[in-house]
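**Student:** So here's model-v5.pdb (PDB, C-alpha atoms).
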ATOM      1  CA  MET Q 218       0.000   0.000   0.000
ATOM      2  CA  ARG Q 219       2.886   2.381   0.802
ATOM      3  CA  THR Q 220       4.307   1.697  -2.646
ATOM      4  CA  LEU Q 221       0.995   2.470  -4.321
ATOM      5  CA  MET Q 222       0.582   5.714  -2.362
ATOM      6  CA  ALA Q 223       4.108   6.795  -3.290
ATOM      7  CA  TYR Q 224       3.470   5.945  -6.934
ATOM      8  CA  ALA Q 225       0.329   8.116  -6.916
ATOM      9  CA  ALA Q 226       2.286  10.992  -5.368
ATOM     10  CA  GLY Q 227       5.008  10.655  -8.006
ATOM     11  CA  LEU Q 228       2.426  10.500 -10.778
ATOM     12  CA  LEU Q 229       0.761  13.721  -9.575
ATOM     13  CA  PHE Q 230       4.139  15.385  -9.234
ATOM     14  CA  GLY Q 231       5.142  14.359 -12.758
ATOM     15  CA  LEU Q 232       1.830  15.524 -14.217
ATOM     16  CA  GLY Q 233       2.242  18.824 -12.393
ATOM     17  CA  LEU Q 234       5.749  19.354 -13.762
ATOM     18  CA  ALA Q 235       4.657  18.527 -17.317
ATOM     19  CA  ILE Q 236       1.435  20.566 -17.321
ATOM     20  CA  SER Q 237       3.231  23.561 -15.848
ATOM     21  CA  GLY Q 238       5.964  23.440 -18.496
ATOM     22  CA  MET Q 239       8.787  22.731 -16.058
ATOM     23  CA  THR Q 240       9.864  19.801 -18.240
ATOM     24  CA  ASP Q 241      11.040  22.464 -20.680
ATOM     25  CA  PRO Q 242      14.490  23.846 -19.759
ATOM     26  CA  ALA Q 243      13.773  26.906 -21.939
ATOM     27  CA  ARG Q 244      10.905  27.915 -19.632
ATOM     28  CA  VAL Q 245      13.062  27.501 -16.545
ATOM     29  CA  LEU Q 246      15.971  29.439 -18.067
ATOM     30  CA  GLY Q 247      13.500  32.078 -19.265
ATOM     31  CA  PHE Q 248      12.524  32.626 -15.637
ATOM     32  CA  LEU Q 249      16.128  32.735 -14.452
ATOM     33  CA  ASP Q 250      17.060  35.232 -17.186
ATOM     34  CA  ILE Q 251      15.928  38.401 -15.465
ATOM     35  CA  ALA Q 252      17.817  40.603 -17.946
ATOM     36  CA  GLY Q 253      16.080  39.149 -21.000
ATOM     37  CA  GLU Q 254      12.500  38.531 -22.048
ATOM     38  CA  TRP Q 255      11.417  37.319 -18.613
ATOM     39  CA  ASP Q 256       9.157  34.245 -18.451
ATOM     40  CA  PRO Q 257       7.180  34.326 -15.173
ATOM     41  CA  THR Q 258       5.786  30.752 -15.520
ATOM     42  CA  LEU Q 259       8.073  29.269 -12.842
ATOM     43  CA  ALA Q 260       6.856  31.861 -10.333
ATOM     44  CA  PHE Q 261       3.279  30.682 -10.897
ATOM     45  CA  VAL Q 262       4.341  27.053 -10.488
ATOM     46  CA  LEU Q 263       6.286  27.651  -7.280
ATOM     47  CA  GLY Q 264       3.580  29.981  -5.940
ATOM     48  CA  GLY Q 265       0.774  27.494  -6.640
ATOM     49  CA  ALA Q 266       2.782  24.605  -5.195
ATOM     50  CA  VAL Q 267       3.852  26.421  -2.031
ATOM     51  CA  LEU Q 268       0.367  27.797  -1.317
ATOM     52  CA  THR Q 269      -1.258  24.386  -1.802
ATOM     53  CA  THR Q 270       1.368  22.590   0.276
ATOM     54  CA  PHE Q 271       1.206  25.270   2.989
ATOM     55  CA  ILE Q 272      -2.533  24.676   3.407
ATOM     56  CA  GLY Q 273      -2.212  20.913   2.927
ATOM     57  CA  TYR Q 274       0.564  20.481   5.517
ATOM     58  CA  ARG Q 275      -1.366  22.596   8.028
ATOM     59  CA  LEU Q 276      -4.347  20.264   7.770
ATOM     60  CA  VAL Q 277      -2.383  17.017   7.661
ATOM     61  CA  LEU Q 278       0.104  17.728  10.441
ATOM     62  CA  ARG Q 279      -2.744  18.094  12.943
ATOM     63  CA  ARG Q 280      -2.941  14.304  12.868
ATOM     64  CA  SER Q 281      -0.642  12.358  15.156
ATOM     65  CA  SER Q 282       0.739  10.146  12.386
ATOM     66  CA  PRO Q 283       0.480   9.499   8.631
ATOM     67  CA  PHE Q 284      -1.972   6.861   7.356
ATOM     68  CA  PHE Q 285       0.724   4.370   6.362
ATOM     69  CA  GLY Q 286       3.666   5.150   8.622
ATOM     70  CA  ASP Q 287       4.682   5.527  12.265
ATOM     71  CA  LYS Q 288       5.370   9.229  12.299
ATOM     72  CA  PHE Q 289       5.811  12.321  10.176
ATOM     73  CA  GLN Q 290       9.484  12.564   9.235
ATOM     74  CA  LEU Q 291      10.274  16.257   9.176
ATOM     75  CA  PRO Q 292      13.747  17.816   9.037
ATOM     76  CA  THR Q 293      14.911  18.939  12.464
ATOM     77  CA  LYS Q 294      18.126  20.814  11.663
ATOM     78  CA  ARG Q 295      17.930  24.544  12.293
ATOM     79  CA  GLU Q 296      21.372  26.057  11.717
ATOM     80  CA  LEU Q 297      22.362  27.871   8.530
ATOM     81  CA  ASP Q 298      25.777  26.389   7.851
ATOM     82  CA  GLY Q 299      28.262  26.568   5.017
ATOM     83  CA  ARG Q 300      27.298  23.161   3.738
ATOM     84  CA  LEU Q 301      23.680  24.203   3.241
ATOM     85  CA  LEU Q 302      24.482  27.504   1.561
ATOM     86  CA  GLY Q 303      27.530  26.273  -0.371
ATOM     87  CA  GLY Q 304      25.559  23.286  -1.643
ATOM     88  CA  ALA Q 305      22.660  25.528  -2.665
ATOM     89  CA  ALA Q 306      25.057  27.865  -4.490
ATOM     90  CA  LEU Q 307      26.645  24.960  -6.426
ATOM     91  CA  PHE Q 308      23.220  23.562  -7.247
ATOM     92  CA  GLY Q 309      22.185  27.005  -8.551
ATOM     93  CA  ILE Q 310      25.146  27.084 -10.965
ATOM     94  CA  GLY Q 311      24.215  23.667 -12.364
ATOM     95  CA  TRP Q 312      20.555  24.662 -12.572
ATOM     96  CA  GLY Q 313      21.430  27.887 -14.373
ATOM     97  CA  LEU Q 314      23.688  26.058 -16.854
ATOM     98  CA  SER Q 315      21.138  23.397 -17.772
ATOM     99  CA  GLY Q 316      17.652  24.548 -16.789
ATOM    100  CA  TYR Q 317      17.256  21.165 -15.084
ATOM    101  CA  CYS Q 318      16.746  20.652 -11.386
ATOM    102  CA  PRO Q 319      16.423  17.022 -10.206
ATOM    103  CA  GLY Q 320      12.611  16.728 -10.564
ATOM    104  CA  PRO Q 321      12.260  17.906 -14.158
ATOM    105  CA  ALA Q 322      15.442  16.066 -15.193
ATOM    106  CA  ILE Q 323      14.002  12.734 -14.021
ATOM    107  CA  ALA Q 324      10.460  13.563 -15.199
ATOM    108  CA  SER Q 325      11.775  14.261 -18.714
ATOM    109  CA  VAL Q 326      12.908  10.656 -19.258
ATOM    110  CA  ALA Q 327       9.898  10.189 -21.597
ATOM    111  CA  GLY Q 328      11.751  12.472 -24.024
ATOM    112  CA  LEU Q 329      15.191  10.983 -23.525
ATOM    113  CA  THR Q 330      18.135  12.606 -25.326
ATOM    114  CA  MET Q 331      21.897  12.116 -24.993
ATOM    115  CA  PRO Q 332      22.381  15.412 -23.120
ATOM    116  CA  LEU Q 333      19.640  14.375 -20.660
ATOM    117  CA  VAL Q 334      21.316  10.996 -20.132
ATOM    118  CA  ALA Q 335      24.570  12.844 -19.415
ATOM    119  CA  MET Q 336      22.748  15.120 -16.987
ATOM    120  CA  LEU Q 337      21.181  12.198 -15.090
ATOM    121  CA  VAL Q 338      24.374  10.125 -14.930
ATOM    122  CA  ALA Q 339      26.420  13.099 -13.718
ATOM    123  CA  MET Q 340      23.724  14.010 -11.194
ATOM    124  CA  ILE Q 341      23.823  10.517  -9.691
ATOM    125  CA  GLY Q 342      27.625  10.748  -9.644
ATOM    126  CA  GLY Q 343      27.288  14.056  -7.834
ATOM    127  CA  TRP Q 344      25.046  12.507  -5.173
ATOM    128  CA  TRP Q 345      27.691   9.811  -4.615
ATOM    129  CA  LEU Q 346      30.425  12.401  -4.264
ATOM    130  CA  ALA Q 347      28.362  14.481  -1.844
ATOM    131  CA  LYS Q 348      27.683  11.400   0.238
ATOM    132  CA  ARG Q 349      31.361  10.390   0.323
ATOM    133  CA  PHE Q 350      32.361  13.914   1.242
ATOM    134  CA  SER Q 351      29.788  14.066   4.025
ATOM    135  CA  GLY Q 352      30.659  10.594   5.279
ATOM    136  CA  SER Q 353      34.367  11.329   5.547
ATOM    137  CA  ARG Q 354      33.884  14.248   7.914
TER
ATOM    138  CA  MET N 300       2.103  38.246 -20.524
ATOM    139  CA  ASP N 301       1.271  34.799 -21.826
ATOM    140  CA  TRP N 302      -1.684  34.001 -19.612
ATOM    141  CA  THR N 303      -2.254  30.497 -20.953
ATOM    142  CA  SER N 304       1.231  29.428 -19.940
ATOM    143  CA  ASN N 305       0.924  31.214 -16.588
ATOM    144  CA  LEU N 306      -2.365  29.485 -15.808
ATOM    145  CA  GLN N 307      -0.905  26.124 -16.804
ATOM    146  CA  GLY N 308       1.979  26.909 -14.489
ATOM    147  CA  LEU N 309      -0.435  27.629 -11.669
ATOM    148  CA  ALA N 310      -2.459  24.463 -12.349
ATOM    149  CA  GLY N 311       0.687  22.340 -12.479
ATOM    150  CA  GLY N 312       1.961  23.976  -9.304
ATOM    151  CA  ILE N 313      -1.267  23.117  -7.497
ATOM    152  CA  LEU N 314      -0.886  19.487  -8.638
ATOM    153  CA  ILE N 315       2.663  19.470  -7.244
ATOM    154  CA  GLY N 316       1.284  20.853  -3.970
ATOM    155  CA  ILE N 317      -1.385  18.138  -3.854
ATOM    156  CA  SER N 318       1.336  15.554  -4.489
ATOM    157  CA  ALA N 319       3.472  16.903  -1.626
ATOM    158  CA  THR N 320       0.457  16.952   0.694
ATOM    159  CA  TRP N 321      -0.486  13.426  -0.369
ATOM    160  CA  LEU N 322       2.981  12.039   0.336
ATOM    161  CA  MET N 323       2.941  13.652   3.794
ATOM    162  CA  THR N 324      -0.580  12.389   4.525
ATOM    163  CA  THR N 325       0.055   8.816   3.499
ATOM    164  CA  LEU N 326       3.744   8.178   4.272
ATOM    165  CA  GLY N 327       4.734  11.166   6.389
ATOM    166  CA  ARG N 328       7.506  12.103   3.969
ATOM    167  CA  ILE N 329       8.799  15.306   2.395
ATOM    168  CA  ALA N 330       8.394  15.332  -1.400
ATOM    169  CA  GLY N 331      11.979  16.319  -2.128
ATOM    170  CA  ILE N 332      13.188  14.757  -5.355
ATOM    171  CA  SER N 333      16.923  14.982  -4.654
ATOM    172  CA  GLY N 334      16.377  13.401  -1.237
ATOM    173  CA  ILE N 335      14.098  10.641  -2.517
ATOM    174  CA  ALA N 336      16.284   9.772  -5.513
ATOM    175  CA  GLY N 337      19.683  10.537  -3.973
ATOM    176  CA  THR N 338      19.081   8.347  -0.937
ATOM    177  CA  LEU N 339      17.750   5.565  -3.150
ATOM    178  CA  VAL N 340      20.806   5.438  -5.416
ATOM    179  CA  THR N 341      23.509   6.068  -2.810
ATOM    180  CA  THR N 342      22.246   4.300   0.318
ATOM    181  CA  ARG N 343      19.357   2.029  -0.748
ATOM    182  CA  PRO N 344      18.082   1.815   2.854
ATOM    183  CA  LYS N 345      16.438  -1.483   3.725
ATOM    184  CA  GLY N 346      12.660  -1.246   4.026
ATOM    185  CA  ASP N 347      12.811   2.385   2.943
ATOM    186  CA  SER N 348      13.556   2.037  -0.767
ATOM    187  CA  ALA N 349      10.427   0.625  -2.419
ATOM    188  CA  TRP N 350       8.365   3.757  -1.916
ATOM    189  CA  ARG N 351      11.220   5.880  -3.288
ATOM    190  CA  ALA N 352      11.434   3.782  -6.448
ATOM    191  CA  ALA N 353       7.628   3.838  -6.822
ATOM    192  CA  PHE N 354       7.574   7.632  -6.479
ATOM    193  CA  LEU N 355      10.235   7.985  -9.197
ATOM    194  CA  VAL N 356       8.384   5.610 -11.532
ATOM    195  CA  GLY N 357       5.289   7.777 -11.032
ATOM    196  CA  LEU N 358       7.337  10.897 -11.688
ATOM    197  CA  VAL N 359       8.388   9.497 -15.068
ATOM    198  CA  THR N 360       4.977   8.087 -16.027
ATOM    199  CA  GLY N 361       3.125  11.370 -15.404
ATOM    200  CA  PRO N 362       4.710  13.227 -18.321
ATOM    201  CA  ALA N 363       4.860  10.016 -20.381
ATOM    202  CA  VAL N 364       1.066   9.693 -20.182
ATOM    203  CA  LEU N 365       0.691  13.256 -21.466
ATOM    204  CA  VAL N 366       3.088  12.522 -24.341
ATOM    205  CA  LEU N 367       1.063   9.423 -25.277
ATOM    206  CA  ALA N 368      -2.173  11.420 -25.016
ATOM    207  CA  GLY N 369      -0.929  13.689 -27.794
ATOM    208  CA  GLY N 370       0.880  16.381 -25.880
ATOM    209  CA  GLY N 371      -1.940  18.929 -25.811
ATOM    210  CA  LEU N 372      -1.540  19.526 -22.068
ATOM    211  CA  GLY N 373       2.155  20.305 -22.262
ATOM    212  CA  ASN N 374       3.553  23.807 -21.818
ATOM    213  CA  VAL N 375       6.814  23.857 -23.760
ATOM    214  CA  ALA N 376       7.696  27.431 -24.769
ATOM    215  CA  GLY N 377       6.556  28.107 -28.331
ATOM    216  CA  GLN N 378       5.516  24.486 -28.942
ATOM    217  CA  PRO N 379       1.995  23.988 -27.586
ATOM    218  CA  ASN N 380       1.872  20.299 -28.533
ATOM    219  CA  GLU N 381       5.080  19.264 -26.821
ATOM    220  CA  VAL N 382       5.385  18.003 -23.258
ATOM    221  CA  ILE N 383       9.169  17.658 -22.927
ATOM    222  CA  GLY N 384      11.434  20.490 -24.064
ATOM    223  CA  ASP N 385      14.858  20.095 -25.655
ATOM    224  CA  PRO N 386      17.992  20.209 -23.493
ATOM    225  CA  ALA N 387      19.642  23.623 -23.365
ATOM    226  CA  GLY N 388      23.071  22.322 -24.334
ATOM    227  CA  GLY N 389      25.174  19.354 -25.335
ATOM    228  CA  VAL N 390      26.586  16.381 -23.478
ATOM    229  CA  ILE N 391      29.652  18.142 -22.039
ATOM    230  CA  LEU N 392      27.647  21.043 -20.618
ATOM    231  CA  MET N 393      25.113  18.626 -19.110
ATOM    232  CA  LEU N 394      27.865  16.521 -17.506
ATOM    233  CA  ILE N 395      29.167  19.625 -15.758
ATOM    234  CA  ALA N 396      25.689  20.852 -14.838
ATOM    235  CA  GLY N 397      24.567  17.423 -13.638
ATOM    236  CA  LEU N 398      27.615  17.048 -11.407
ATOM    237  CA  LEU N 399      27.001  20.475  -9.861
ATOM    238  CA  VAL N 400      23.293  19.734  -9.349
ATOM    239  CA  GLY N 401      24.091  16.363  -7.756
ATOM    240  CA  VAL N 402      26.887  17.579  -5.476
ATOM    241  CA  GLY N 403      25.017  20.784  -4.621
ATOM    242  CA  THR N 404      21.692  19.183  -3.724
ATOM    243  CA  GLY N 405      23.532  16.393  -1.911
ATOM    244  CA  LEU N 406      25.523  18.775   0.296
ATOM    245  CA  GLY N 407      22.687  21.292   0.619
ATOM    246  CA  SER N 408      20.159  18.552   1.528
ATOM    247  CA  GLY N 409      17.587  19.552  -1.030
ATOM    248  CA  CYS N 410      16.530  21.030  -4.325
ATOM    249  CA  THR N 411      13.676  23.055  -5.774
ATOM    250  CA  SER N 412      11.080  20.598  -4.462
ATOM    251  CA  GLY N 413      12.480  19.764  -1.030
ATOM    252  CA  HIS N 414      13.621  23.266  -0.070
ATOM    253  CA  GLY N 415      11.599  25.303  -2.549
ATOM    254  CA  VAL N 416       8.156  23.704  -2.284
ATOM    255  CA  CYS N 417       8.072  21.671   0.931
ATOM    256  CA  GLY N 418      10.526  23.748   2.974
ATOM    257  CA  LEU N 419       8.970  27.106   2.157
ATOM    258  CA  SER N 420       5.539  25.662   2.978
ATOM    259  CA  ARG N 421       6.853  24.700   6.421
ATOM    260  CA  LEU N 422       8.348  28.194   6.793
ATOM    261  CA  SER N 423      11.726  26.538   7.449
ATOM    262  CA  PRO N 424      14.526  29.133   7.809
ATOM    263  CA  ARG N 425      17.063  26.693   6.335
ATOM    264  CA  SER N 426      14.924  26.129   3.265
ATOM    265  CA  MET N 427      14.276  29.840   2.829
ATOM    266  CA  ALA N 428      18.015  30.552   2.949
ATOM    267  CA  ALA N 429      18.746  27.678   0.551
ATOM    268  CA  THR N 430      16.022  28.731  -1.893
ATOM    269  CA  VAL N 431      17.186  32.347  -2.015
ATOM    270  CA  THR N 432      20.776  31.131  -2.465
ATOM    271  CA  PHE N 433      20.119  28.756  -5.350
ATOM    272  CA  LEU N 434      17.776  31.188  -7.100
ATOM    273  CA  LEU N 435      20.360  33.991  -6.945
ATOM    274  CA  SER N 436      23.167  31.645  -7.950
ATOM    275  CA  ALA N 437      21.147  30.321 -10.922
ATOM    276  CA  MET N 438      20.146  33.825 -12.049
ATOM    277  CA  ALA N 439      23.776  34.974 -11.838
ATOM    278  CA  THR N 440      24.854  31.905 -13.836
ATOM    279  CA  VAL N 441      22.317  32.581 -16.591
ATOM    280  CA  TYR N 442      23.346  36.240 -16.678
ATOM    281  CA  ILE N 443      27.017  35.370 -16.998
ATOM    282  CA  THR N 444      26.531  32.653 -19.637
ATOM    283  CA  ARG N 445      24.124  34.723 -21.735
ATOM    284  CA  TYR N 446      25.421  38.265 -21.438
ATOM    285  CA  VAL N 447      29.022  38.194 -20.216
ATOM    286  CA  ILE N 448      30.371  35.111 -22.034
ATOM    287  CA  GLY N 449      27.643  34.859 -24.672
ATOM    288  CA  GLY N 450      27.747  38.577 -25.462
ATOM    289  CA  GLY N 451      23.981  39.009 -25.270
ATOM    290  CA  ALA N 452      23.188  36.251 -27.750
TER
END
Would you mind writing the file's structure down as structure tokens?
**Tutor:**
Amino acid sequence: MRTLMAYAAGLLFGLGLAISGMTDPARVLGFLDIAGEWDPTLAFVLGGAVLTTFIGYRLVLRRSSPFFGDKFQLPTKRELDGRLLGGAALFGIGWGLSGYCPGPAIASVAGLTMPLVAMLVAMIGGWWLAKRFSGSR
Amino acid sequence: MDWTSNLQGLAGGILIGISATWLMTTLGRIAGISGIAGTLVTTRPKGDSAWRAAFLVGLVTGPAVLVLAGGGLGNVAGQPNEVIGDPAGGVILMLIAGLLVGVGTGLGSGCTSGHGVCGLSRLSPRSMAATVTFLLSAMATVYITRYVIGGGA
């Protein structure tokens, strides 16, 4: 049942990314290009998603536990450290170069191209490196 | 303003929000793609992997269904019948970008979905700081590649 619920969540997420146009790097880069012909689509996507999730979380987190799990697993870290901000800055460079963040990159597999394969392979390699780096400290 | 594309953006965003709420309601998990996928491929935690794989399969099938349905619901810039847009560069550029996205989201514990959607919705200070940082960094990168190196092309 957990697997089915997760599949449904992924399906909705993928539909959302595709309908909103976030599976098009040109739309994403058009939003990030504030000096050019600015494309506000991403702001609508993020705004709609955050507002919906804000309301949704507020309702759901009143419960004591999720339907198919022991407890809600929410991040507990509070401090703003160099790892968080440095990681975010590196991610931003990669995002700005490609127009792909992890969600749209994976969701775009239905239109697979060699550059996308390269993106996905390198991204997985990057996760390995980050894990090794974190583990060695 | 292209209102059709903005409204599709809003509709898609609401679907993403419903997805995030759904995953929290049913499994009690944050819908952060880099966390879900990164943990699956690097750690493969026992008893905690099947749902991650199922989520990712769903993530791929969503757009695939729209492609099979003829693409009318897609929102690719300038191509109303496409669902998936073309990559913005070649293999070499994507290898560099992918590595940065992987390392960056790995170290920074999240991406546009985990920090941007879920974290902002929880009013998490860490996620707010991360989101502002990666947005500014991405905007600066696009500015430099398009106007400083690219000469305004």
**Student:** Might you spell out which residues the PyMOL selection byres ((chain Q and resi 306) around 8) would select in the displayed file, as a PyMOL selection string?
**Tutor:** (chain Q and resi 302-305+307-310) or (chain N and resi 403+432-433+436-437)
**Student:** Might you pull out every residue within 10 Å of Leu326 (chain N), with all atoms listed in the file counted and same-chain residues fewer than 5 positions away left off, and present them as a compact mmCIF listing (two decimals) with C-alpha atoms, in the coordinates of the input?
**Tutor:**
# COMPACT_ATOMS: atom_id res chain seq x y z
CA MET Q 218 0.00 0.00 0.00
CA ARG Q 219 2.89 2.38 0.80
CA THR Q 220 4.31 1.70 -2.65
CA MET Q 222 0.58 5.71 -2.36
CA ALA Q 223 4.11 6.80 -3.29
CA SER Q 282 0.74 10.15 12.39
CA PRO Q 283 0.48 9.50 8.63
CA PHE Q 284 -1.97 6.86 7.36
CA PHE Q 285 0.72 4.37 6.36
CA GLY Q 286 3.67 5.15 8.62
CA ASP Q 287 4.68 5.53 12.26
CA LYS Q 288 5.37 9.23 12.30
CA PHE Q 289 5.81 12.32 10.18
CA GLN Q 290 9.48 12.56 9.24
CA TRP N 321 -0.49 13.43 -0.37
CA TRP N 350 8.36 3.76 -1.92
**Student:** Return the single residue from N:Gly316, N:Gly401, N:Gly409, N:Gly384 that is closest to Ile341 (chain Q), with distances computed using all atoms listed in the file.
**Tutor:**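 Closest residue, counting all atoms listed in the file: N:Gly401.
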**Student:** Quick one: residues within 12 Å of Leu228 (chain Q), all atoms listed in the file counted, chain neighbours fewer than 5 positions away excluded, as a PyMOL selection string?
**Tutor:** (chain Q and resi 221-223+233-235+320+324) or (chain N and resi 314-315+317-319+321-322+353-365)
**Student:** Check which residues satisfy the PyMOL selection byres ((chain N and resi 411-417) around 10) in the file shown, then give them as a short mmCIF file (atom, residue, chain, number, x, y, z; two decimals) with C-alpha atoms, in the frame of the given file.
**Tutor:**
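Output (result.cif):
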data_model
loop_
_atom_site.label_atom_id
_atom_site.label_comp_id
_atom_site.auth_asym_id
_atom_site.auth_seq_id
_atom_site.Cartn_x
_atom_site.Cartn_y
_atom_site.Cartn_z
CA PHE Q 230 4.14 15.38 -9.23
CA VAL Q 262 4.34 27.05 -10.49
CA LEU Q 263 6.29 27.65 -7.28
CA GLY Q 264 3.58 29.98 -5.94
CA GLY Q 265 0.77 27.49 -6.64
CA ALA Q 266 2.78 24.60 -5.20
CA VAL Q 267 3.85 26.42 -2.03
CA LEU Q 268 0.37 27.80 -1.32
CA THR Q 269 -1.26 24.39 -1.80
CA THR Q 270 1.37 22.59 0.28
CA PHE Q 271 1.21 25.27 2.99
CA TYR Q 274 0.56 20.48 5.52
CA ALA Q 305 22.66 25.53 -2.66
CA PHE Q 308 23.22 23.56 -7.25
CA GLY Q 309 22.18 27.00 -8.55
CA TRP Q 312 20.56 24.66 -12.57
CA CYS Q 318 16.75 20.65 -11.39
CA PRO Q 319 16.42 17.02 -10.21
CA GLY Q 320 12.61 16.73 -10.56
CA PRO Q 321 12.26 17.91 -14.16
CA GLY N 312 1.96 23.98 -9.30
CA ILE N 315 2.66 19.47 -7.24
CA GLY N 316 1.28 20.85 -3.97
CA ALA N 319 3.47 16.90 -1.63
CA THR N 320 0.46 16.95 0.69
CA MET N 323 2.94 13.65 3.79
CA ILE N 329 8.80 15.31 2.40
CA ALA N 330 8.39 15.33 -1.40
CA GLY N 331 11.98 16.32 -2.13
CA ILE N 332 13.19 14.76 -5.36
CA SER N 333 16.92 14.98 -4.65
CA GLY N 334 16.38 13.40 -1.24
CA ILE N 335 14.10 10.64 -2.52
CA THR N 404 21.69 19.18 -3.72
CA GLY N 407 22.69 21.29 0.62
CA SER N 408 20.16 18.55 1.53
CA GLY N 409 17.59 19.55 -1.03
CA CYS N 410 16.53 21.03 -4.32
CA GLY N 418 10.53 23.75 2.97
CA LEU N 419 8.97 27.11 2.16
CA SER N 420 5.54 25.66 2.98
CA ARG N 421 6.85 24.70 6.42
CA LEU N 422 8.35 28.19 6.79
CA SER N 423 11.73 26.54 7.45
CA PRO N 424 14.53 29.13 7.81
CA ARG N 425 17.06 26.69 6.34
CA SER N 426 14.92 26.13 3.26
CA MET N 427 14.28 29.84 2.83
CA ALA N 428 18.02 30.55 2.95
CA ALA N 429 18.75 27.68 0.55
CA THR N 430 16.02 28.73 -1.89
CA VAL N 431 17.19 32.35 -2.02
CA PHE N 433 20.12 28.76 -5.35
CA LEU N 434 17.78 31.19 -7.10
#
**Student:** Counting only C-alpha atoms, which of Q:Gly227, Q:Gly238, Q:Ile272, Q:Phe350 gets nearest to Thr303 (chain N)?
**Tutor:**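 Smallest separation from Thr303 (chain N) among the options: Q:Gly238.
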**Student:** Q:Thr293, Q:Ser237, Q:Arg280, Q:Leu246: which is nearest chain N, counting only C-alpha atoms?
**Tutor:**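 Of the candidates, the smallest distance to chain N is held by Q:Ser237.
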**Student:** Report, in Å with one decimal, the straight-line distance from CA of Met239 (chain Q) to CA of Asp256 (chain Q).
**Tutor:**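 Atom-to-atom, CA of Met239 (chain Q) to CA of Asp256 (chain Q), that is 11.8 Å.
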**Student:** Check the smallest atom-to-atom distance from each of N:Ala387, N:Ile313, N:Ala349, N:Val340 to Lys348 (chain Q) using only C-alpha atoms, then report the winner.
**Tutor:**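 Nearest candidate to Lys348 (chain Q) out of N:Ala387, N:Ile313, N:Ala349, N:Val340: N:Val340.
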**Student:** From the options Q:Leu329, Q:Arg275, Q:Gly231, Q:Asp298, which residue's atoms come nearest to chain N, counting all atoms listed in the file?
**Tutor:** Q:Gly231
**Student:** Would you mind telling me which residue in N:Gly389, N:Val441, N:Gly405, N:Tyr446 lies nearest to Leu301 (chain Q) when using all atoms listed in the file?
**Tutor:** N:Gly405
**Student:** Quick one: distance from CA of Leu392 (chain N) to CA of Leu367 (chain N) in Å, one decimal?
**Tutor:** 29.4 Å
**Student:** Find the residues near Leu259 (chain Q): any atom within 7 Å, counting only C-alpha atoms, skip ones fewer than 2 places away on the same chain, and give them as a list of chain:residue names.
**Tutor:**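 Everything that qualifies: Q:Val245, Q:Phe248, Q:Pro257, Q:Phe261, Q:Val262, Q:Leu263, N:Gly308.
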**Student:** Hey, what comes out of the PyMOL selection byres ((chain N and resi 377-382) around 9) on this file? Could you write it as a ChimeraX atom specification?
**Tutor:** /Q:235-236,238,240-241,325,328 /N:362-363,365-366,369-376,383-384
**Student:** How many Å separate CA of Asp250 (chain Q) from CA of Met393 (chain N)?
**Tutor:**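 These two atoms are separated by 18.6 Å.
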